[in-house]
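Reading through the structure tokens given below for one structure.
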Amino acid sequence: MSTAHDPLLDLLQLLDLEQIERDIFRGTSRSALVPRVFGGQVAAQALVAAGRTVPADRTAHSLHSYFLRAGDPGAPIVYSVDRIRDGRSFTTRRVVAVQHGQPIFHLSASFQTYEEGLEHQADMPAAPDPETLPTAAEMLPRHAHRFSDPGVVDRLIEARAAVDLRYVDVPPFGTVGEPREPRSQVWFRTNGKLADDPLLHVCMATYVSDMTLLDSVLLAHGRGGWAVGDVVGASLDHAMWFHRPFRADEWLLYDQESPSASGGRGLGQARIYTQDGRLAITVIQEGVVRVPRGH
């Protein structure tokens, strides 16, 4: 008897790396919307590799990474972990992702044992209840006429099927030619429950964090994005700080903005809040954002 396809299970299997030697892991890729590996996938897999060499009582509190080369979705990725430091409170790991004999991604991550300390945070901004917002399957077909390839809608829905991601406002491809304030909000959570492993939730949030962060750059200039064809781009670097515990299978508000674009690059920065208002994560990313000739 055939079983129903489970996109979340597929994603979890993608993040479940094969260990081929001490501190060496191998991962595969899923079909991408563009002919390269999705950056969020590589970052999440690299964090999985790092986390598997760290004691269970130490949780990730930050990562810093660079995207070096476009990944080949048809080839495995080998993740080599370097045990930089094991201190009394902090553990540091460096991970290099390699394909075809060349590094495609570099990540440094730090893990910490739990401790009490000073507490303050930025207030959560106003945002509507996520349950009142349209799902991707409801929203994307409304903008199909904007895309140069009519198959983009179905591929976008399929690529995000493991994650329920809902835009608070109209996304960049919905207001092409109309510059807006460089701010964007989305709510997201996985489409299904996850195990209680804190590393899994951190890695899942890392995966999703690369999906929409540069939207605010596009909004400032009335650009629709790669699917519309009025910009080309790729992630250059990505940094995250994990402040407080959270679950990626419960609603998280991704509040994003772009303070700058120049030199063919755009900067996005964001805060991720739990639905009850706790600041869980800070994210910063710079990416290539170029305008093709004729646009």
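Simple scheme: letters A, B, ... for chains in structure tokens order, numbers from 1 for residues in each chain, numbers from 1 for ligands in the order shown.
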Polymer residues at most 6 Å from region 86-102 of chain A, only C-alpha atoms, same-chain spacing of 4 or more positions, as an NGL selection string: :A and (50 or 77-82 or 106-113)
Can you spit out the residues from that selection as a compact mmCIF listing (two decimals), in the first residue's frame, using C-alpha atoms?
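File again27.txt, as written:
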```
# COMPACT_ATOMS: atom_id res chain seq x y z
CA ALA A 50 29.11 20.58 14.32
CA ILE A 77 28.42 17.25 0.30
CA VAL A 78 31.14 16.22 2.74
CA TYR A 79 31.28 18.13 6.04
CA SER A 80 34.58 18.08 7.91
CA VAL A 81 34.47 19.26 11.54
CA ASP A 82 37.46 20.80 13.30
CA HIS A 106 32.58 27.54 5.82
CA LEU A 107 30.91 27.73 9.24
CA SER A 108 32.08 28.51 12.76
CA ALA A 109 29.67 27.71 15.59
CA SER A 110 29.82 28.14 19.35
CA PHE A 111 27.96 26.12 21.97
CA GLN A 112 27.44 26.86 25.66
CA THR A 113 26.31 25.10 28.81
```
Contacts of Ala136 (chain A) within 9 Å, only C-alpha atoms, excl. fewer than 4 positions in-chain, as a PyMOL selection string: chain A and resi 140-141+156-157+160-161+164-167
For CA of Thr190 (chain A) and CA of Leu133 (chain A), the interatomic separation in Å (one decimal):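 The value is 15.8 Å.
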Surrounding residues of Gly266 (chain A) excluding itself and chain neighbours under 3 positions, 7 Å, only C-alpha atoms, as a PyMOL selection string: chain A and resi 217+260-262+286-289
Those in region 33-263 of chain A with strand (DSSP E) from DSSP, as JSON, numbers by chain: {"A": [58, 59, 60, 61, 62, 63, 64, 65, 66, 67, 77, 78, 79, 80, 81, 82, 83, 84, 85, 86, 90, 91, 92, 93, 94, 95, 96, 97, 98, 99, 102, 103, 104, 105, 106, 107, 108, 109, 110, 111, 112, 113, 163, 164, 165, 166, 167, 183, 184, 185, 186, 187, 188, 189, 190, 232, 233, 234, 235, 236, 237, 238, 239, 240, 241, 242, 252, 253, 254, 255, 256, 257, 258, 259, 260, 261, 262]}
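Distances to Met211 (chain A) were evaluated for A:Ala49, A:Val168, A:Met240, A:Ala159 using only C-alpha atoms, and the minimum falls at A:Ala159.
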Option closest in space to Val202 (chain A), from A:Gly222, A:Gly264, A:Pro179, A:Gly51 [counting only C-alpha atoms]: A:Gly51
Contacts of Ser235 (chain A) within 10 Å, only C-alpha atoms, excl. fewer than 4 positions in-chain, as a PyMOL selection string: chain A and resi 38-40+66-68+70+210+213-214+265-267+285-289
Nearest-residue call for His221 (chain A), choices A:Val291, A:Val170, A:Val48, A:Leu63, using only C-alpha atoms: A:Val291
Atom pair CA of Ala248 (chain A) / CA of Pro198 (chain A): separation (Å):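 That distance, rounded to one decimal, is 9.5 Å.
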Atomic separation - CA of Ser148 (chain A) relative to CA of Gly177 (chain A), Å: 15.4 Å
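The closest residue to Gly174 (chain A), picked from A:Gly268, A:Gly224, A:Gly71, A:Pro128 and counting only C-alpha atoms, is A:Gly224.
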All residues 9 Å or closer to Val37 (chain A), only C-alpha atoms, same chain fewer than 5 positions away omitted, as a list in words: Ser29, Arg30, Ser31, Ala32, Val42, Ala70, Gly71, Asp72, Pro73 and Gly74 of chain A
Selected residue of minimal separation from Arg247 (chain A) among A:Ala280, A:Gly225, A:Pro150, A:Gly263, counting only C-alpha atoms: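 Of A:Ala280, A:Gly225, A:Pro150, A:Gly263, the one nearest Arg247 (chain A) is A:Ala280, counting only C-alpha atoms.
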Helix (DSSP H, G or I) positions in region 193-259 of chain A, given as a PyMOL selection string: chain A and resi 198-209+215-220
